[in-house]
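Novice: data.cif is the file, holding mmCIF, C-alpha atoms:
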data_coords
#
loop_
_atom_site.label_atom_id
_atom_site.label_comp_id
_atom_site.auth_asym_id
_atom_site.auth_seq_id
_atom_site.Cartn_x
_atom_site.Cartn_y
_atom_site.Cartn_z
CA MET T 166 126.04 95.07 97.41
CA LYS T 167 124.81 97.79 99.74
CA ASN T 168 121.09 98.45 99.85
CA THR T 169 120.15 102.11 99.43
CA ALA T 170 117.17 104.48 99.48
CA GLU T 171 117.67 108.01 98.23
CA ILE T 172 115.83 111.00 96.80
CA PHE T 173 116.79 111.92 93.27
CA GLN T 174 115.30 113.88 90.40
CA TRP T 175 114.77 112.16 87.08
CA ASN T 176 114.05 114.68 84.36
CA ASP T 177 111.56 116.88 86.27
CA ILE T 178 110.18 114.10 88.51
CA ASP T 179 111.13 113.79 92.18
CA CYS T 180 111.63 110.11 92.99
CA ILE T 181 112.75 107.83 95.75
CA LYS T 182 115.23 105.37 94.27
CA LEU T 183 115.52 101.99 95.98
CA ASN T 184 118.38 99.57 95.28
CA ALA T 185 118.45 96.13 96.85
CA GLY T 186 118.98 92.49 95.89
CA GLY T 187 120.00 93.36 92.33
CA TYR T 188 116.75 95.24 91.73
CA GLU T 189 116.16 98.97 91.29
CA ALA T 190 112.81 100.74 91.83
CA TRP T 191 111.77 104.37 91.36
CA VAL T 192 108.74 105.53 93.33
CA ALA T 193 107.21 108.87 92.31
CA ALA T 194 105.04 110.13 95.19
CA GLY T 195 104.14 113.20 93.15
CA ILE T 196 102.41 110.99 90.57
CA GLY T 197 100.13 108.93 92.77
CA SER T 198 102.90 106.87 94.42
CA ASN T 199 103.51 105.29 91.03
CA VAL T 200 106.43 102.89 90.62
CA ILE T 201 107.54 104.48 87.38
CA ARG T 202 110.45 102.08 86.99
CA LEU T 203 111.32 98.60 88.24
CA ARG T 204 114.39 96.88 86.87
CA ASP T 205 116.30 93.68 87.56
CA ASN T 206 119.78 94.97 86.78
CA GLU T 207 121.48 91.62 87.22
CA ASN T 208 119.28 89.82 84.70
CA GLY T 209 118.46 92.65 82.29
CA ILE T 210 114.71 92.82 82.89
CA GLU T 211 112.64 96.02 82.65
CA PHE T 212 109.33 95.22 84.35
CA PHE T 213 107.17 98.22 83.51
CA ARG T 214 106.56 100.46 80.52
CA PHE T 215 109.26 103.11 80.78
CA ASN T 216 110.58 105.86 78.53
CA PRO T 217 113.88 107.56 79.48
CA LYS T 218 112.62 110.81 77.92
CA ASN T 219 109.44 110.97 80.01
CA THR T 220 108.50 114.07 81.99
CA ALA T 221 105.91 114.47 84.72
CA ASP T 222 103.59 116.20 82.25
CA LYS T 223 103.96 113.35 79.77
CA ILE T 224 103.00 110.76 82.38
CA LYS T 225 100.14 112.92 83.71
CA GLN T 226 98.60 113.04 80.23
CA SER T 227 97.93 109.29 80.50
CA PRO T 228 98.78 108.27 84.07
CA GLU T 229 97.13 104.85 83.69
CA VAL T 230 99.64 103.56 81.11
CA TRP T 231 103.03 104.16 82.72
CA GLY T 232 104.64 102.17 85.50
CA LEU T 233 102.46 100.73 88.26
CA PRO T 234 99.52 103.11 88.91
CA THR T 235 96.94 102.18 91.56
CA LEU T 236 93.34 102.94 90.62
CA TYR T 237 90.71 103.93 93.16
CA LEU T 238 87.96 103.78 92.09
CA PRO T 239 88.79 101.58 89.09
CA ASN T 240 87.29 100.55 85.82
CA ARG T 241 83.87 101.95 85.04
CA PHE T 242 80.72 102.86 86.86
CA ALA T 243 77.67 102.98 84.59
CA ASP T 244 76.50 106.56 84.03
CA GLY T 245 78.82 107.61 86.87
CA VAL T 246 76.52 106.11 89.52
CA LEU T 247 77.98 104.36 92.58
CA ARG T 248 75.40 102.74 94.87
CA ALA T 249 76.78 102.21 98.37
CA SER T 250 74.70 100.74 101.20
CA ASP T 251 74.24 104.14 102.85
CA ALA T 252 74.28 106.57 99.90
CA VAL T 253 74.15 106.92 96.12
CA TYR T 254 77.03 108.91 94.63
CA GLN T 255 77.07 110.59 91.23
CA LEU T 256 80.62 110.48 89.90
CA PRO T 257 81.67 112.53 86.87
CA ILE T 258 81.17 110.87 83.49
CA ASN T 259 84.65 111.00 81.97
CA GLU T 260 84.31 108.33 79.29
CA LYS T 261 82.66 109.50 76.09
CA GLU T 262 79.91 107.87 74.07
CA PRO T 263 79.02 105.13 73.55
CA TYR T 264 80.34 104.28 77.02
CA ASN T 265 79.09 107.15 79.24
CA ASN T 266 80.85 105.79 82.33
CA HIS T 267 83.06 107.04 85.10
CA ILE T 268 86.47 105.42 84.72
CA HIS T 269 89.78 105.08 86.61
CA GLY T 270 89.03 107.22 89.65
CA PHE T 271 91.43 109.83 91.01
CA LEU T 272 93.97 108.43 93.47
CA HIS T 273 96.70 107.84 90.87
CA LYS T 274 96.52 111.52 89.90
CA ARG T 275 97.25 112.93 93.36
CA VAL T 276 100.48 114.16 94.95
CA HIS T 277 101.27 111.81 97.82
CA GLU T 278 103.45 112.55 100.85
CA VAL T 279 106.74 110.73 101.44
CA VAL T 280 106.51 109.58 105.07
CA GLU T 281 109.91 107.88 105.33
CA TYR T 282 112.55 106.09 103.30
CA SER T 283 115.55 104.08 104.44
CA SER T 284 117.50 100.85 104.01
CA ASP T 285 119.28 98.19 106.05
CA ASP T 286 121.21 95.00 105.35
CA ASN T 287 118.05 93.20 104.26
CA CYS T 288 116.10 95.66 102.13
CA ALA T 289 115.31 99.22 101.12
CA TRP T 290 111.91 100.81 101.58
CA VAL T 291 109.77 103.90 101.20
CA LYS T 292 106.41 104.76 102.76
CA THR T 293 103.97 107.23 101.22
CA ARG T 294 100.56 108.54 102.22
CA TYR T 295 97.58 110.45 100.88
CA VAL T 296 94.93 112.00 103.14
CA TYR T 297 91.63 112.40 101.32
CA GLY T 298 89.17 115.02 102.53
CA ASP T 299 87.22 118.11 101.57
CA LYS T 300 90.26 119.82 100.05
CA ASP T 301 90.33 117.23 97.27
CA GLU T 302 88.40 118.32 94.19
CA PHE T 303 86.79 114.86 93.97
CA PHE T 304 85.27 115.22 97.45
CA GLU T 305 82.12 116.83 96.06
CA PHE T 306 81.40 113.54 94.29
CA LEU T 307 82.59 111.13 97.01
CA PRO T 308 82.40 112.84 100.44
CA VAL T 309 83.95 110.00 102.46
CA ARG T 310 87.21 110.77 104.28
CA PHE T 311 90.02 108.24 104.22
CA THR T 312 93.78 107.88 104.42
CA VAL T 313 95.73 105.56 102.13
CA GLU T 314 99.25 104.39 102.97
CA TYR T 315 101.71 102.66 100.68
CA THR T 316 104.79 100.70 101.72
CA PHE T 317 107.26 99.67 99.00
CA THR T 318 109.94 97.19 100.04
CA LEU T 319 112.76 96.11 97.73
CA SER T 320 114.98 93.11 98.48
CA GLU T 321 116.37 89.98 96.89
CA GLN T 322 112.73 88.79 96.99
CA GLY T 323 111.76 91.53 94.52
CA LEU T 324 109.47 94.50 95.01
CA GLU T 325 106.63 94.27 97.51
CA GLN T 326 103.81 96.81 97.55
CA ASN T 327 101.44 97.02 100.49
CA ILE T 328 98.40 99.32 100.26
CA ARG T 329 96.36 100.20 103.34
CA PHE T 330 93.10 102.18 103.36
CA VAL T 331 91.72 103.55 106.63
CA ASN T 332 88.18 104.94 106.72
CA THR T 333 88.53 108.12 108.78
CA ASP T 334 85.07 109.49 107.99
CA GLY T 335 83.33 108.60 111.24
CA VAL T 336 79.89 108.36 109.59
CA ARG T 337 79.91 106.91 106.07
CA VAL T 338 81.11 103.57 104.75
CA LEU T 339 83.97 103.71 102.25
CA PRO T 340 83.12 101.97 98.96
CA MET T 341 86.02 99.68 98.11
CA SER T 342 87.06 98.56 94.68
CA LEU T 343 90.79 98.68 93.96
CA ALA T 344 92.96 97.77 90.98
CA SER T 345 96.49 98.09 89.66
CA HIS T 346 96.72 99.21 86.04
CA THR T 347 99.99 97.28 85.72
CA THR T 348 101.89 98.12 82.51
CA ILE T 349 104.32 95.31 81.66
CA SER T 350 107.02 96.30 79.17
CA SER T 351 107.04 94.49 75.82
CA PRO T 352 109.63 93.17 75.40
CA PHE T 353 110.74 93.11 79.05
CA VAL T 354 114.09 91.35 78.55
CA ASP T 355 116.98 93.42 77.23
CA GLY T 356 117.38 92.49 73.55
CA GLY T 357 114.22 90.38 73.61
CA ARG T 358 111.49 90.11 70.99
CA GLU T 359 107.81 90.73 71.56
CA GLU T 360 106.80 87.60 69.67
CA ASP T 361 108.64 85.48 72.28
CA ILE T 362 106.46 86.65 75.19
CA ARG T 363 103.93 84.23 76.69
CA LEU T 364 101.51 85.05 79.49
CA THR T 365 100.07 82.70 82.11
CA VAL T 366 96.92 83.84 83.94
CA PRO T 367 95.11 81.29 86.15
CA ILE T 368 91.64 82.22 84.95
CA GLY T 369 88.24 80.95 85.99
CA LYS T 370 85.05 81.83 84.16
CA ARG T 371 85.00 84.80 81.81
CA CYS T 372 82.84 87.79 82.76
CA GLU T 373 80.84 88.81 79.72
CA LEU T 374 80.87 92.55 78.93
CA ASN T 375 78.46 94.52 76.78
CA GLU T 376 79.17 97.23 74.21
CA ARG T 377 79.72 99.78 77.02
CA CYS T 378 82.31 97.48 78.60
CA LEU T 379 79.94 96.77 81.50
CA PRO T 380 79.11 93.31 82.90
CA THR T 381 76.04 91.56 81.56
CA GLU T 382 76.10 89.49 84.77
CA GLN T 383 76.61 86.39 82.62
CA PHE T 384 79.67 84.17 83.05
CA LYS T 385 81.12 82.00 80.32
CA VAL T 386 83.00 78.74 80.57
CA PRO T 387 86.50 79.36 79.13
CA ASN T 388 86.84 78.54 75.45
CA MET T 389 90.06 77.75 73.58
CA HIS T 390 90.95 81.46 73.34
CA ASP T 391 90.56 81.85 77.09
CA LEU T 392 92.40 78.65 77.96
CA GLU T 393 95.54 79.97 76.30
CA TYR T 394 95.91 82.14 79.41
CA ARG T 395 95.54 79.21 81.78
CA ASN T 396 97.91 77.04 79.74
CA GLY T 397 100.61 79.70 79.54
CA VAL T 398 100.68 80.01 75.74
CA LYS T 399 98.97 83.39 75.30
CA LEU T 400 100.84 86.00 73.26
CA PRO T 401 99.64 89.20 74.98
CA VAL T 402 100.87 91.66 72.33
CA LEU T 403 100.94 92.09 68.52
CA ARG T 404 97.17 91.56 68.54
CA VAL T 405 94.26 93.36 70.15
CA VAL T 406 93.36 92.33 73.69
CA ASP T 407 90.48 94.52 74.81
CA ASN T 408 89.27 94.29 78.42
CA GLU T 409 89.07 90.52 78.78
CA MET T 410 87.82 90.00 82.35
CA TYR T 411 88.00 86.76 84.32
CA PHE T 412 87.56 85.39 87.78
CA GLY T 413 91.05 84.81 89.15
CA GLU T 414 92.17 81.43 90.42
CA SER T 415 95.57 80.14 91.52
CA THR T 416 98.33 78.15 89.84
CA GLN T 417 101.57 76.47 90.93
CA LEU T 418 105.03 77.99 91.07
CA ASP T 419 107.92 75.82 92.23
CA GLY T 420 105.42 73.34 93.63
CA GLU T 421 103.58 75.88 95.77
CA LYS T 422 100.28 77.72 95.38
CA PHE T 423 100.71 80.96 93.46
CA HIS T 424 98.00 83.62 93.19
CA GLY T 425 99.24 85.74 90.34
CA ILE T 426 100.41 85.83 86.74
CA ILE T 427 103.66 84.88 84.99
CA ALA T 428 105.10 86.47 81.85
CA GLU T 429 107.91 84.53 80.16
CA ASP T 430 110.44 85.41 77.49
CA THR T 431 110.54 81.97 75.89
CA ALA T 432 113.84 82.62 74.08
CA SER T 433 115.77 83.18 77.32
CA GLY T 434 113.53 81.47 79.85
CA LYS T 435 113.45 84.62 81.96
CA LYS T 436 110.15 85.23 83.77
CA ILE T 437 108.37 88.11 85.46
CA CYS T 438 106.27 86.82 88.36
CA TYR T 439 103.47 89.03 89.66
CA GLU T 440 101.91 87.77 92.89
CA VAL T 441 98.83 89.39 94.43
CA SER T 442 96.95 88.86 97.69
CA GLU T 443 93.67 86.96 97.80
CA GLU T 444 91.64 90.20 97.91
CA TYR T 445 92.29 90.47 94.17
CA GLY T 446 89.64 88.13 92.81
CA PHE T 447 89.62 89.24 89.16
CA TRP T 448 91.96 89.88 86.24
CA ILE T 449 91.41 92.17 83.29
CA ILE T 450 93.82 91.87 80.36
CA TRP T 451 94.24 94.85 78.02
CA ASN T 452 97.00 95.96 75.64
CA ASP T 453 96.04 99.30 74.04
CA ARG T 454 95.50 97.76 70.59
CA GLY T 455 98.55 95.53 70.87
CA PHE T 456 101.33 97.50 69.17
CA ASN T 457 102.38 100.08 71.77
CA HIS T 458 105.00 97.88 73.46
CA PHE T 459 103.20 97.06 76.68
CA PHE T 460 100.37 94.95 78.03
CA CYS T 461 98.32 95.23 81.21
CA PRO T 462 97.41 92.27 83.41
CA GLU T 463 95.23 94.23 85.85
CA PRO T 464 94.32 92.63 89.20
CA MET T 465 91.00 93.91 90.60
CA THR T 466 89.39 93.38 93.98
CA ALA T 467 85.94 93.74 92.42
CA MET T 468 84.23 93.42 89.07
CA ILE T 469 83.58 96.38 86.83
CA ASP T 470 80.54 98.34 88.11
CA ALA T 471 80.39 95.97 91.09
CA PRO T 472 78.25 98.02 93.55
CA ASN T 473 75.58 98.56 90.89
CA LEU T 474 75.17 94.92 89.88
CA LYS T 475 72.32 92.68 91.03
CA LEU T 476 74.82 89.97 91.93
CA SER T 477 75.87 89.25 95.51
CA PRO T 478 79.02 90.98 96.82
CA ASP T 479 80.35 87.48 97.45
CA ILE T 480 80.43 87.14 93.67
CA THR T 481 81.31 90.70 92.57
CA GLY T 482 84.00 91.31 95.21
CA TYR T 483 82.51 94.67 96.19
CA ARG T 484 83.36 95.66 99.75
CA GLU T 485 82.63 98.51 102.12
CA VAL T 486 84.99 99.69 104.86
CA LYS T 487 83.16 100.78 108.00
CA PRO T 488 84.15 103.99 109.82
CA GLY T 489 87.46 103.30 111.54
CA GLY T 490 87.93 100.15 109.50
CA VAL T 491 90.92 99.08 107.40
CA PHE T 492 91.27 97.45 103.98
CA GLU T 493 94.68 96.15 102.96
CA THR T 494 96.17 94.48 99.89
CA HIS T 495 99.58 93.19 98.88
CA GLU T 496 101.50 92.64 95.63
CA ARG T 497 104.98 91.35 94.78
CA PHE T 498 107.08 91.41 91.60
CA PHE T 499 110.12 89.20 91.13
CA THR T 500 112.23 87.43 88.53
CA LYS T 501 112.58 83.71 87.85
CA LEU T 502 115.19 82.24 85.51
#
Mind turning this structure into structure tokens?

Specialist:
Amino acid sequence: MKNTAEIFQWNDIDCIKLNAGGYEAWVAAGIGSNVIRLRDNENGIEFFRFNPKNTADKIKQSPEVWGLPTLYLPNRFADGVLRASDAVYQLPINEKEPYNNHIHGFLHKRVHEVVEYSSDDNCAWVKTRYVYGDKDEFFEFLPVRFTVEYTFTLSEQGLEQNIRFVNTDGVRVLPMSLASHTTISSPFVDGGREEDIRLTVPIGKRCELNERCLPTEQFKVPNMHDLEYRNGVKLPVLRVVDNEMYFGESTQLDGEKFHGIIAEDTASGKKICYEVSEEYGFWIIWNDRGFNHFFCPEPMTAMIDAPNLKLSPDITGYREVKPGGVFETHERFFTKL
């Protein structure tokens, strides 16, 4: 089968379609470099929440709950405050009472540039980029210049996503907290049933959250509810899963260390494997009340509200990228039978 990379328009959305190794991926640079569709055509697996009738406007109404959106800055800053080592930033409060937080950031809402796309005998790929500066409407809240580059590579090994931030400001540090608001389709196997899905997440301690969905800075030893994730018996849909946050550990896959999660259709034995780089030290699990046919295992490089917590950055995962510095992460999606 020939590997291909081509521009095409789906409904009113310009996409780069990648085909390689039996997989098909659609990358929409105009919607935050979102992978709005990933499919294993050979094994009948639809990875992400996808609606064939979607339009760009439909996705933009709720860009966090379609495909594979990348959030910078992710998941809640109390009262919109972000305390960096060299400045205090007041972000807009876009989450209503009783929360009163800034949430989700802005990067996934921007039009990104397609830098290149191509294919060879081994894979197909596309590279995108967004240059953040004073022309961005968010710059008044976060005046730190940076460039972010995405590389999506599709092959028989699945879909790899590499994200690279470069601090181009010259003066200020770049606060760094990054997450993927990954929307796994439920069911994800053609003809499958939601009640057959089981999710494995190699969790550590649970991070307690208060009524505003902010960390109390207390960590709980996993109870029986939590251990269902670790033991691979958690049904992640048909019930409410509301921002359950854990330290991320590693598990085993085919006898080797695996830093990621596994979703299995127990009726067929087909699995979605979602591997992330070590920078992602936390998982949040959420499912939009459980009956909307998707669930979100969200890898995060830092805890909710991390720069504002009293805890050490070694614990919270909060980082700062110095002027001229680089921060890079990596993810991979693939199928196991």

Novice: Could you write out as a PyMOL selection string the residues that the PyMOL selection byres ((chain T and resi 278-284) around 12) matches in the shown file?

Specialist: chain T and resi 167-172+179-186+192-198+275-277+285-297+312-320

Novice: For Tyr237 (chain T), work out the shell of residues within 8 Å, counting all atoms listed in the file and skipping chain neighbours fewer than 4 positions away, then give it as a ChimeraX atom specification.

Specialist: /T:269-273,342-344

Novice: Tell me, as a list in words, which residues lie within 8 Å of region 428-442 of chain T, counting only C-alpha atoms; anything in the same chain fewer than 4 positions away does not count.

Specialist: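 Counting only C-alpha atoms, the residues come to Phe212, Phe353, Val354, Gly357, Asp361, Ile362, Arg363, Leu364, Thr365, Phe423, His424, Pro464, Thr494, His495, Glu496, Arg497, Phe498, Phe499, Thr500, Lys501 and Leu502 of chain T.
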
Novice: Please save C-alpha atoms of the selected residues as an mmCIF file, in the coordinates of the input.

Specialist:
data_model
loop_
_atom_site.group_PDB
_atom_site.id
_atom_site.type_symbol
_atom_site.label_atom_id
_atom_site.label_comp_id
_atom_site.auth_asym_id
_atom_site.auth_seq_id
_atom_site.Cartn_x
_atom_site.Cartn_y
_atom_site.Cartn_z
ATOM 1 C CA PHE T 212 109.330 95.220 84.350
ATOM 2 C CA PHE T 353 110.740 93.110 79.050
ATOM 3 C CA VAL T 354 114.090 91.350 78.550
ATOM 4 C CA GLY T 357 114.220 90.380 73.610
ATOM 5 C CA ASP T 361 108.640 85.480 72.280
ATOM 6 C CA ILE T 362 106.460 86.650 75.190
ATOM 7 C CA ARG T 363 103.930 84.230 76.690
ATOM 8 C CA LEU T 364 101.510 85.050 79.490
ATOM 9 C CA THR T 365 100.070 82.700 82.110
ATOM 10 C CA PHE T 423 100.710 80.960 93.460
ATOM 11 C CA HIS T 424 98.000 83.620 93.190
ATOM 12 C CA PRO T 464 94.320 92.630 89.200
ATOM 13 C CA THR T 494 96.170 94.480 99.890
ATOM 14 C CA HIS T 495 99.580 93.190 98.880
ATOM 15 C CA GLU T 496 101.500 92.640 95.630
ATOM 16 C CA ARG T 497 104.980 91.350 94.780
ATOM 17 C CA PHE T 498 107.080 91.410 91.600
ATOM 18 C CA PHE T 499 110.120 89.200 91.130
ATOM 19 C CA THR T 500 112.230 87.430 88.530
ATOM 20 C CA LYS T 501 112.580 83.710 87.850
ATOM 21 C CA LEU T 502 115.190 82.240 85.510
#

Novice: Kindly give the distance, in Å, that separates CA of Pro401 (chain T) and CA of Gly455 (chain T), rounded to a single decimal.

Specialist: 7.6 Å

Novice: Just checking: using only C-alpha atoms, which residue out of T:Pro380, T:Glu463, T:His390, T:Ile449 ends up closest to Ser345 (chain T)?

Specialist: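 Selected residue with least distance to Ser345 (chain T): T:Glu463.
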
Novice: For a test of reading the model, state the distance in Å between CA of Gly335 (chain T) and CA of Val309 (chain T), rounded to one decimal.

Specialist: 8.9 Å

Novice: Measure the distance from CA of Phe242 (chain T) to CA of Pro478 (chain T) in Å and round it to one decimal.

Specialist: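 Calculated distance between CA of Phe242 (chain T) and CA of Pro478 (chain T) is 15.6 Å.
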
Novice: Need to verify the contact set: Leu339 (chain T), 8 Å, all atoms listed in the file, exclusion of same-chain residues closer than 4 positions in sequence. Can you return it as a list in words?

Specialist: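 Near neighbours after the sequence-gap exclusion: Val309, Phe311, Asn332, Glu485, Val486, Lys487 and Pro488 of chain T.
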